[in-house]
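Working notes, structure below.
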Amino acid sequence: MKITGAKVIVCSPGRNFVTLKVHTDEGVYGLGDATLNGRELAVASYLDDHVVPLLVGRDPFDVEDCWQYLYKGAYWRRGPVTMTAIAAVDVALWDIKGKALGTPVYNLLGGRSRTGVLCYGHASGATLEETVDAVARYLDLGYRAVRAQCSVPGVPSAYGVGGAELGYEPATRGLPSEDAWSTEEYLRFVPRLFERLRGEFGFDVALLHDAHHRLTPIEAGWLGRRLEDCRLFWLEDPVPAELQDSFRLIREHTTTPLAVGEVFNSLYDCQQLITEQLIDYVRATVVHAGGITHLRKIAALAEPYHVRTGCHGATDLSPVSMAAALHFDLSVHNFGIQEYMRHSADTDAVFPHAYRFADGYLHPGEGPGLGVDIDEHLAQRHPYVPAYLPVARRLDGTVHSW
Ligand code: CS2
Ligand code: MG
C-alpha cells in the first residue's frame, strides 16, 4: 500500500478545526486531528507546505519510521506546531492500518486493558449554587468524575466558566479578548467551592479542578494543602510548567494529586516531572504530543514512576482526537482518566463517530480503524473564522498566564 496524497481540511462548525485526510492507492484513507487552538493556520501550512509532499509514495504501515522521518528530518525539533502536524500524520496512519487490517486501533496497541474509559465532564457556574447545580446535572447524566470551576467574586472572568451547557469554549472569534485575574481572590474562594461541593455530594464523586497555570509554586502548595481534606482527584496546571523544578516546591507542601501537560508536545516536556514523581497524571494528548506513537512512549516512561495518563479532551480537540484518545486509553496500562468535553451538534455532524458515553465511561466502538469520519461537504459549509484564546491581565494590568 502507498500514500497517494493528503488533504488538509480547515473548517469551523462553531469552532475551528484542522483535519488531515491521508489517501492511499488501495482506497483506504486515514484521519488525523491537527487543531491547535488559536494557531490553526500555522499547522495547516506546516502540513500543506512541508509535510504532505514528503508523504507521497510512503508505505502507511511504516508508522514509526514515518514519525522519526518527520521528527528528525525537520531538524527543528519539538514545539506545538511541529508536533501537532506530526501527530496528525501519525494518527491518520494508525487509522489506515486499523481499517486495512479490519480491526479497531486499540487492538494494534495491545488490546483492551479495561472494559471502558473513565471520563470527566466540566461543571461550572457563575455562583457557588450554580456550580453545585451543574455538578448535580453531570451526576444525573451518569458521570462519576466532574471538574468544577466557578466564577470568583471580585474577578470579572475566571477560567472555565460559561459557554455551552455541557462544554466550555474559551476561544472567541475575532482578536483575543482580555480577561482580568486576581490570585488573591481566587485563593480565598476555591476552598469554599470544594468544601461546599463535598458537603453537598460527599466523597463518592471524583472532583477535579483546573488552576490553569496561574499560581506560583508556593501559592499552589498552599492551595493544595488547603484542599487536602476535600480529596480532589487532581489539581490541574497549578503553575506554568516550563520550569519542571517548580513542582518539587509544590510537592513539599501538599499531597493533593497534581496533573499537568495539556500544553506539552513531547516527552522532554515532562521527563523530570515523571522520573522525579513530581506529578500524578500527565495530560499530554494524541493531537499535541506527536500522536499515538509518541504518547505511548510518554505513558511507558510514566508507568514505573506511578504516573498515570489523563489526556486533555477539550472542545478544541476534534472528535478525531477523541476517537484516537479512546483507543489509546482503552489499551494503555497506566490509564488514569479521560477529559470529555462534549462537542456541539454541528461539530458532531461534520465528524460522525462511533464512540459513545454510558454510565460515566466512554467506549471507542468496535469498527476498523478509529471509528470516526469527516463529512467534507458539510465541513465546507463552515469556513474558517479567525478566533483566539483570551489573554489574562492582573487587576493592575500586568499580563498573566491565561
Ligand atoms: C482546559 C482547556 O480542558 C482543559 O483542561 O485547560 O479548556 C484549555 O483551556 C483549552 O483546551 C485551550 O485551548
Ligand atoms: Mg486544563
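Residue names in the C-alpha cells use chain letters A, B, ... in the order shown, residue numbers from 1 in each chain, and ligand numbers from 1 in the order shown.
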- Query: Using only C-alpha atoms, which residues sit within 7 Å of segment 333-348 of chain A once same-chain residues fewer than 5 positions away are excluded, as a PyMOL selection string?
  - Reply: chain A and resi 13-14+113+117-122+166-167+303+308-315
Could those selected residues go to a file with N, CA, C and O atoms, as a CSV table (one decimal), in the first residue's frame?
chain,number,residue,atom,x,y,z
A,13,PRO,N,-17.3,24.4,12.4
A,13,PRO,CA,-18.7,24.2,12.8
A,13,PRO,C,-18.9,24.7,14.2
A,13,PRO,O,-18.9,23.9,15.2
A,14,GLY,N,-18.8,26.0,14.4
A,14,GLY,CA,-19.0,26.6,15.7
A,14,GLY,C,-17.6,26.9,16.3
A,14,GLY,O,-17.5,27.8,17.1
A,113,SER,N,-7.4,-3.1,28.0
A,113,SER,CA,-6.9,-3.3,29.4
A,113,SER,C,-8.0,-3.0,30.4
A,113,SER,O,-7.8,-3.1,31.6
A,117,VAL,N,-13.6,3.5,29.3
A,117,VAL,CA,-12.7,4.6,29.6
A,117,VAL,C,-13.4,5.6,30.6
A,117,VAL,O,-14.3,6.3,30.2
A,118,LEU,N,-12.9,5.6,31.8
A,118,LEU,CA,-13.5,6.6,32.8
A,118,LEU,C,-13.3,8.0,32.3
A,118,LEU,O,-12.2,8.3,31.8
A,119,CYS,N,-14.3,8.8,32.3
A,119,CYS,CA,-14.1,10.2,31.9
A,119,CYS,C,-14.7,11.2,32.8
A,119,CYS,O,-15.4,10.8,33.8
A,120,TYR,N,-14.4,12.5,32.6
A,120,TYR,CA,-14.9,13.5,33.5
A,120,TYR,C,-15.5,14.6,32.6
A,120,TYR,O,-15.0,14.9,31.5
A,121,GLY,N,-16.5,15.3,33.2
A,121,GLY,CA,-17.1,16.4,32.5
A,121,GLY,C,-16.8,17.7,33.2
A,121,GLY,O,-16.1,17.7,34.2
A,122,HIS,N,-17.3,18.8,32.6
A,122,HIS,CA,-16.9,20.2,33.1
A,122,HIS,C,-18.2,20.8,33.6
A,122,HIS,O,-19.0,21.3,32.9
A,166,LEU,N,-22.9,21.6,28.1
A,166,LEU,CA,-22.1,20.5,28.5
A,166,LEU,C,-20.7,20.7,27.9
A,166,LEU,O,-20.1,19.8,27.4
A,167,GLY,N,-20.2,21.9,27.9
A,167,GLY,CA,-18.9,22.1,27.3
A,167,GLY,C,-18.4,23.5,27.7
A,167,GLY,O,-19.1,24.2,28.4
A,303,GLU,N,4.9,4.8,33.5
A,303,GLU,CA,4.4,3.7,34.2
A,303,GLU,C,5.2,3.3,35.4
A,303,GLU,O,4.6,3.2,36.5
A,308,ARG,N,0.0,8.3,36.0
A,308,ARG,CA,-1.0,7.8,35.1
A,308,ARG,C,-1.4,8.9,34.0
A,308,ARG,O,-1.0,10.1,34.2
A,309,THR,N,-2.1,8.4,33.0
A,309,THR,CA,-2.5,9.3,31.9
A,309,THR,C,-3.7,10.0,32.3
A,309,THR,O,-4.6,9.5,33.1
A,310,GLY,N,-4.0,11.2,31.8
A,310,GLY,CA,-5.2,12.0,32.0
A,310,GLY,C,-5.4,12.9,30.8
A,310,GLY,O,-5.4,14.1,30.9
A,311,CYS,N,-5.5,12.3,29.6
A,311,CYS,CA,-5.5,13.1,28.4
A,311,CYS,C,-6.5,14.2,28.3
A,311,CYS,O,-7.6,14.1,28.7
A,312,HIS,N,-6.0,15.3,27.8
A,312,HIS,CA,-6.8,16.5,27.6
A,312,HIS,C,-7.8,16.1,26.6
A,312,HIS,O,-7.6,15.3,25.7
A,313,GLY,N,-9.0,16.7,26.7
A,313,GLY,CA,-10.1,16.4,25.8
A,313,GLY,C,-11.1,17.5,25.7
A,313,GLY,O,-12.3,17.3,25.9
A,314,ALA,N,-10.6,18.7,25.5
A,314,ALA,CA,-11.5,19.9,25.4
A,314,ALA,C,-12.1,20.0,24.1
A,314,ALA,O,-11.8,19.3,23.1
A,315,THR,N,-13.0,21.0,23.9
A,315,THR,CA,-13.8,21.1,22.6
A,315,THR,C,-12.9,21.4,21.5
A,315,THR,O,-13.2,21.2,20.3
Hey, which bits of chain A sit within 8 Å of ligand 1, and for each residue what's the closest pair of atoms and how far apart in Å (one decimal), counting only C-alpha atoms and all ligand atoms, rows by chain and increasing number, as JSON lines?
{"residue": "A:Leu36", "atom": "CA", "partner": "ligand 1", "partner_atom_place_in_ligand_line": "13 (O)", "distance": 7.4}
{"residue": "A:Asn37", "atom": "CA", "partner": "ligand 1", "partner_atom_place_in_ligand_line": "13 (O)", "distance": 4.9}
{"residue": "A:Gly38", "atom": "CA", "partner": "ligand 1", "partner_atom_place_in_ligand_line": "13 (O)", "distance": 7.6}
{"residue": "A:Tyr159", "atom": "CA", "partner": "ligand 1", "partner_atom_place_in_ligand_line": "9 (O)", "distance": 7.9}
{"residue": "A:Gly160", "atom": "CA", "partner": "ligand 1", "partner_atom_place_in_ligand_line": "7 (O)", "distance": 6.6}
{"residue": "A:Tyr168", "atom": "CA", "partner": "ligand 1", "partner_atom_place_in_ligand_line": "7 (O)", "distance": 6.6}
{"residue": "A:Glu169", "atom": "CA", "partner": "ligand 1", "partner_atom_place_in_ligand_line": "7 (O)", "distance": 6.9}
{"residue": "A:Pro170", "atom": "CA", "partner": "ligand 1", "partner_atom_place_in_ligand_line": "7 (O)", "distance": 6.4}
{"residue": "A:Ala171", "atom": "CA", "partner": "ligand 1", "partner_atom_place_in_ligand_line": "13 (O)", "distance": 7.0}
{"residue": "A:Asp210", "atom": "CA", "partner": "ligand 1", "partner_atom_place_in_ligand_line": "5 (O)", "distance": 6.3}
{"residue": "A:His212", "atom": "CA", "partner": "ligand 1", "partner_atom_place_in_ligand_line": "6 (O)", "distance": 5.9}
{"residue": "A:Glu236", "atom": "CA", "partner": "ligand 1", "partner_atom_place_in_ligand_line": "5 (O)", "distance": 7.4}
{"residue": "A:Asp237", "atom": "CA", "partner": "ligand 1", "partner_atom_place_in_ligand_line": "6 (O)", "distance": 7.9}
{"residue": "A:Glu262", "atom": "CA", "partner": "ligand 1", "partner_atom_place_in_ligand_line": "6 (O)", "distance": 6.9}
{"residue": "A:His312", "atom": "CA", "partner": "ligand 1", "partner_atom_place_in_ligand_line": "3 (O)", "distance": 6.0}
{"residue": "A:Gly313", "atom": "CA", "partner": "ligand 1", "partner_atom_place_in_ligand_line": "3 (O)", "distance": 6.1}
{"residue": "A:Ala314", "atom": "CA", "partner": "ligand 1", "partner_atom_place_in_ligand_line": "3 (O)", "distance": 4.5}
{"residue": "A:Thr315", "atom": "CA", "partner": "ligand 1", "partner_atom_place_in_ligand_line": "11 (O)", "distance": 6.7}
{"residue": "A:Asp316", "atom": "CA", "partner": "ligand 1", "partner_atom_place_in_ligand_line": "11 (O)", "distance": 5.7}
{"residue": "A:Leu317", "atom": "CA", "partner": "ligand 1", "partner_atom_place_in_ligand_line": "11 (O)", "distance": 7.3}
{"residue": "A:Glu339", "atom": "CA", "partner": "ligand 1", "partner_atom_place_in_ligand_line": "3 (O)", "distance": 7.1}
{"residue": "A:Met341", "atom": "CA", "partner": "ligand 1", "partner_atom_place_in_ligand_line": "3 (O)", "distance": 7.5}
{"residue": "A:Leu389", "atom": "CA", "partner": "ligand 1", "partner_atom_place_in_ligand_line": "13 (O)", "distance": 6.8}
- Item | A:Val307, A:Val282, A:Leu128, A:Ala392 ranked by distance to ligand 2, top pick (using only C-alpha atoms and all ligand atoms) |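 Among A:Val307, A:Val282, A:Leu128, A:Ala392, it is A:Val282 that comes nearest to ligand 2.
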- Would you kindly return, as number ranges by chain, each protein, DNA or RNA residue with an atom no farther than 9 Å from any atom of segment 52-65 of chain A, considering only C-alpha atoms and excluding same-chain residues fewer than 4 positions away? A: 1-8, 22, 24, 46-48, 69-70, 89-90, 92-94, 96-97, 293
- Message: Can you pull out the residues contacting Leu267 of chain A? Cut-off 10 Å, using only C-alpha atoms, and skip same-chain residues under 6 positions away; I want them as a PyMOL selection string.
- Response: chain A and resi 78+274+284+289-290+294-299+301-302
Please produce a file of those selected residues containing N, CA and C atoms, as a PDB file, in the first residue's frame.
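Written out: out.pdb:
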ATOM      1  N   ARG A  78      10.577  19.463  18.026  1.00  0.00           N
ATOM      2  CA  ARG A  78       9.609  19.791  19.070  1.00  0.00           C
ATOM      3  C   ARG A  78       8.815  21.067  18.755  1.00  0.00           C
ATOM      4  N   ILE A 274       8.064  13.317  35.529  1.00  0.00           N
ATOM      5  CA  ILE A 274       7.730  11.895  35.662  1.00  0.00           C
ATOM      6  C   ILE A 274       8.796  11.172  36.483  1.00  0.00           C
ATOM      7  N   ALA A 284      -0.736  15.065  28.523  1.00  0.00           N
ATOM      8  CA  ALA A 284      -0.393  15.145  27.094  1.00  0.00           C
ATOM      9  C   ALA A 284      -1.441  14.403  26.261  1.00  0.00           C
ATOM     10  N   ALA A 289       0.904  16.068  21.229  1.00  0.00           N
ATOM     11  CA  ALA A 289       2.162  15.429  21.686  1.00  0.00           C
ATOM     12  C   ALA A 289       2.579  14.332  20.712  1.00  0.00           C
ATOM     13  N   GLY A 290       2.525  14.648  19.436  1.00  0.00           N
ATOM     14  CA  GLY A 290       3.161  13.751  18.462  1.00  0.00           C
ATOM     15  C   GLY A 290       2.372  12.515  18.106  1.00  0.00           C
ATOM     16  N   HIS A 294       3.961   8.708  19.875  1.00  0.00           N
ATOM     17  CA  HIS A 294       4.781   9.378  20.896  1.00  0.00           C
ATOM     18  C   HIS A 294       4.093   9.331  22.259  1.00  0.00           C
ATOM     19  N   LEU A 295       2.766   9.420  22.263  1.00  0.00           N
ATOM     20  CA  LEU A 295       2.052   9.389  23.548  1.00  0.00           C
ATOM     21  C   LEU A 295       2.271   8.044  24.243  1.00  0.00           C
ATOM     22  N   ARG A 296       2.380   6.978  23.454  1.00  0.00           N
ATOM     23  CA  ARG A 296       2.653   5.654  24.064  1.00  0.00           C
ATOM     24  C   ARG A 296       4.007   5.660  24.768  1.00  0.00           C
ATOM     25  N   LYS A 297       4.959   6.413  24.212  1.00  0.00           N
ATOM     26  CA  LYS A 297       6.306   6.461  24.818  1.00  0.00           C
ATOM     27  C   LYS A 297       6.285   7.274  26.114  1.00  0.00           C
ATOM     28  N   ILE A 298       5.465   8.320  26.115  1.00  0.00           N
ATOM     29  CA  ILE A 298       5.311   9.108  27.354  1.00  0.00           C
ATOM     30  C   ILE A 298       4.685   8.223  28.430  1.00  0.00           C
ATOM     31  N   ALA A 299       3.641   7.497  28.061  1.00  0.00           N
ATOM     32  CA  ALA A 299       2.957   6.625  29.031  1.00  0.00           C
ATOM     33  C   ALA A 299       3.897   5.517  29.520  1.00  0.00           C
ATOM     34  N   LEU A 301       7.178   5.665  29.753  1.00  0.00           N
ATOM     35  CA  LEU A 301       8.120   6.263  30.706  1.00  0.00           C
ATOM     36  C   LEU A 301       7.452   6.465  32.053  1.00  0.00           C
ATOM     37  N   ALA A 302       6.178   6.866  32.018  1.00  0.00           N
ATOM     38  CA  ALA A 302       5.447   7.204  33.247  1.00  0.00           C
ATOM     39  C   ALA A 302       5.106   5.979  34.096  1.00  0.00           C
TER      40      ALA A 302
END
- Selected residue, from A:Ala323, A:Phe189, A:Ala148, A:Pro304, that lies nearest to ligand 2 when counting only C-alpha atoms and all ligand atoms: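 For ligand 2, the nearest of the candidates is A:Ala148.
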- Quick one: distance from atom CA of Ala354 of chain A to atom CA of Ala88 of chain A in Å, one decimal? 19.3 Å
- Message: Rounded to one decimal, what separation in Å do you get between atom CA of Leu258 of chain A and atom CA of Thr285 of chain A?
- Response: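 Going from atom CA of Leu258 of chain A over to atom CA of Thr285 of chain A, I get 16.7 Å.
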Close residues, Leu141 of chain A itself excluded, 9 Å, only C-alpha atoms, min 3 positions apart in chain, as a PDB file with N, CA, C and O atoms, in the first residue's frame:
ATOM      1  N   ALA A 136     -24.508  18.530  39.931  1.00  0.00           N
ATOM      2  CA  ALA A 136     -25.650  17.602  40.090  1.00  0.00           C
ATOM      3  C   ALA A 136     -26.144  17.129  38.720  1.00  0.00           C
ATOM      4  O   ALA A 136     -26.466  15.946  38.541  1.00  0.00           O
ATOM      5  N   ARG A 137     -26.126  18.048  37.732  1.00  0.00           N
ATOM      6  CA  ARG A 137     -26.584  17.649  36.385  1.00  0.00           C
ATOM      7  C   ARG A 137     -25.676  16.579  35.798  1.00  0.00           C
ATOM      8  O   ARG A 137     -26.111  15.621  35.169  1.00  0.00           O
ATOM      9  N   TYR A 138     -24.373  16.746  36.024  1.00  0.00           N
ATOM     10  CA  TYR A 138     -23.443  15.729  35.495  1.00  0.00           C
ATOM     11  C   TYR A 138     -23.645  14.397  36.199  1.00  0.00           C
ATOM     12  O   TYR A 138     -23.574  13.336  35.576  1.00  0.00           O
ATOM     13  N   ALA A 358     -21.502   6.063  28.290  1.00  0.00           N
ATOM     14  CA  ALA A 358     -22.526   5.287  29.020  1.00  0.00           C
ATOM     15  C   ALA A 358     -22.061   5.119  30.456  1.00  0.00           C
ATOM     16  O   ALA A 358     -20.931   4.652  30.700  1.00  0.00           O
ATOM     17  N   ASP A 359     -22.899   5.595  31.392  1.00  0.00           N
ATOM     18  CA  ASP A 359     -22.673   5.339  32.816  1.00  0.00           C
ATOM     19  C   ASP A 359     -21.302   5.800  33.318  1.00  0.00           C
ATOM     20  O   ASP A 359     -20.626   5.098  34.069  1.00  0.00           O
ATOM     21  N   GLY A 360     -20.871   6.949  32.793  1.00  0.00           N
ATOM     22  CA  GLY A 360     -19.613   7.522  33.281  1.00  0.00           C
ATOM     23  C   GLY A 360     -18.378   7.079  32.521  1.00  0.00           C
ATOM     24  O   GLY A 360     -17.260   7.516  32.811  1.00  0.00           O
TER      25      GLY A 360
END
- Could you give me, as number ranges by chain, each residue of segment 199-280 of chain A that DSSP assigns to alpha helix (DSSP H) when run on this structure's backbone? A: 199-201, 217-226, 246-253, 271-275
- Task: Name the closest residue to ligand 2 among the candidates A:Ala158, A:Leu175, A:Ala134, A:His213; distances are taken between atoms, counting only C-alpha atoms and all ligand atoms.
- Result: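 Residue with the minimum atom-to-atom distance to ligand 2: A:His213.
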- Item | Residue contacts of segment 153-155 of chain A (7 Å, only C-alpha atoms) excluding same-chain residues fewer than 6 positions away, as a PyMOL selection string | chain A and resi 180-182+185
Hey, can you spit out that residue selection with N, CA and C atoms as a JSON list (two decimals), in the first residue's frame?
[["chain", "number", "residue", "atom", "x", "y", "z"],
["A", 180, "ALA", "N", -9.57, 39.62, 33.18],
["A", 180, "ALA", "CA", -8.91, 40.12, 34.40],
["A", 180, "ALA", "C", -8.68, 38.94, 35.35],
["A", 181, "TRP", "N", -7.65, 39.07, 36.22],
["A", 181, "TRP", "CA", -7.32, 37.96, 37.11],
["A", 181, "TRP", "C", -6.84, 38.50, 38.47],
["A", 182, "SER", "N", -7.24, 37.80, 39.55],
["A", 182, "SER", "CA", -6.70, 38.11, 40.88],
["A", 182, "SER", "C", -6.43, 36.81, 41.62],
["A", 185, "GLU", "N", -7.97, 36.78, 45.27],
["A", 185, "GLU", "CA", -9.43, 36.48, 45.34],
["A", 185, "GLU", "C", -9.67, 35.01, 45.05]]
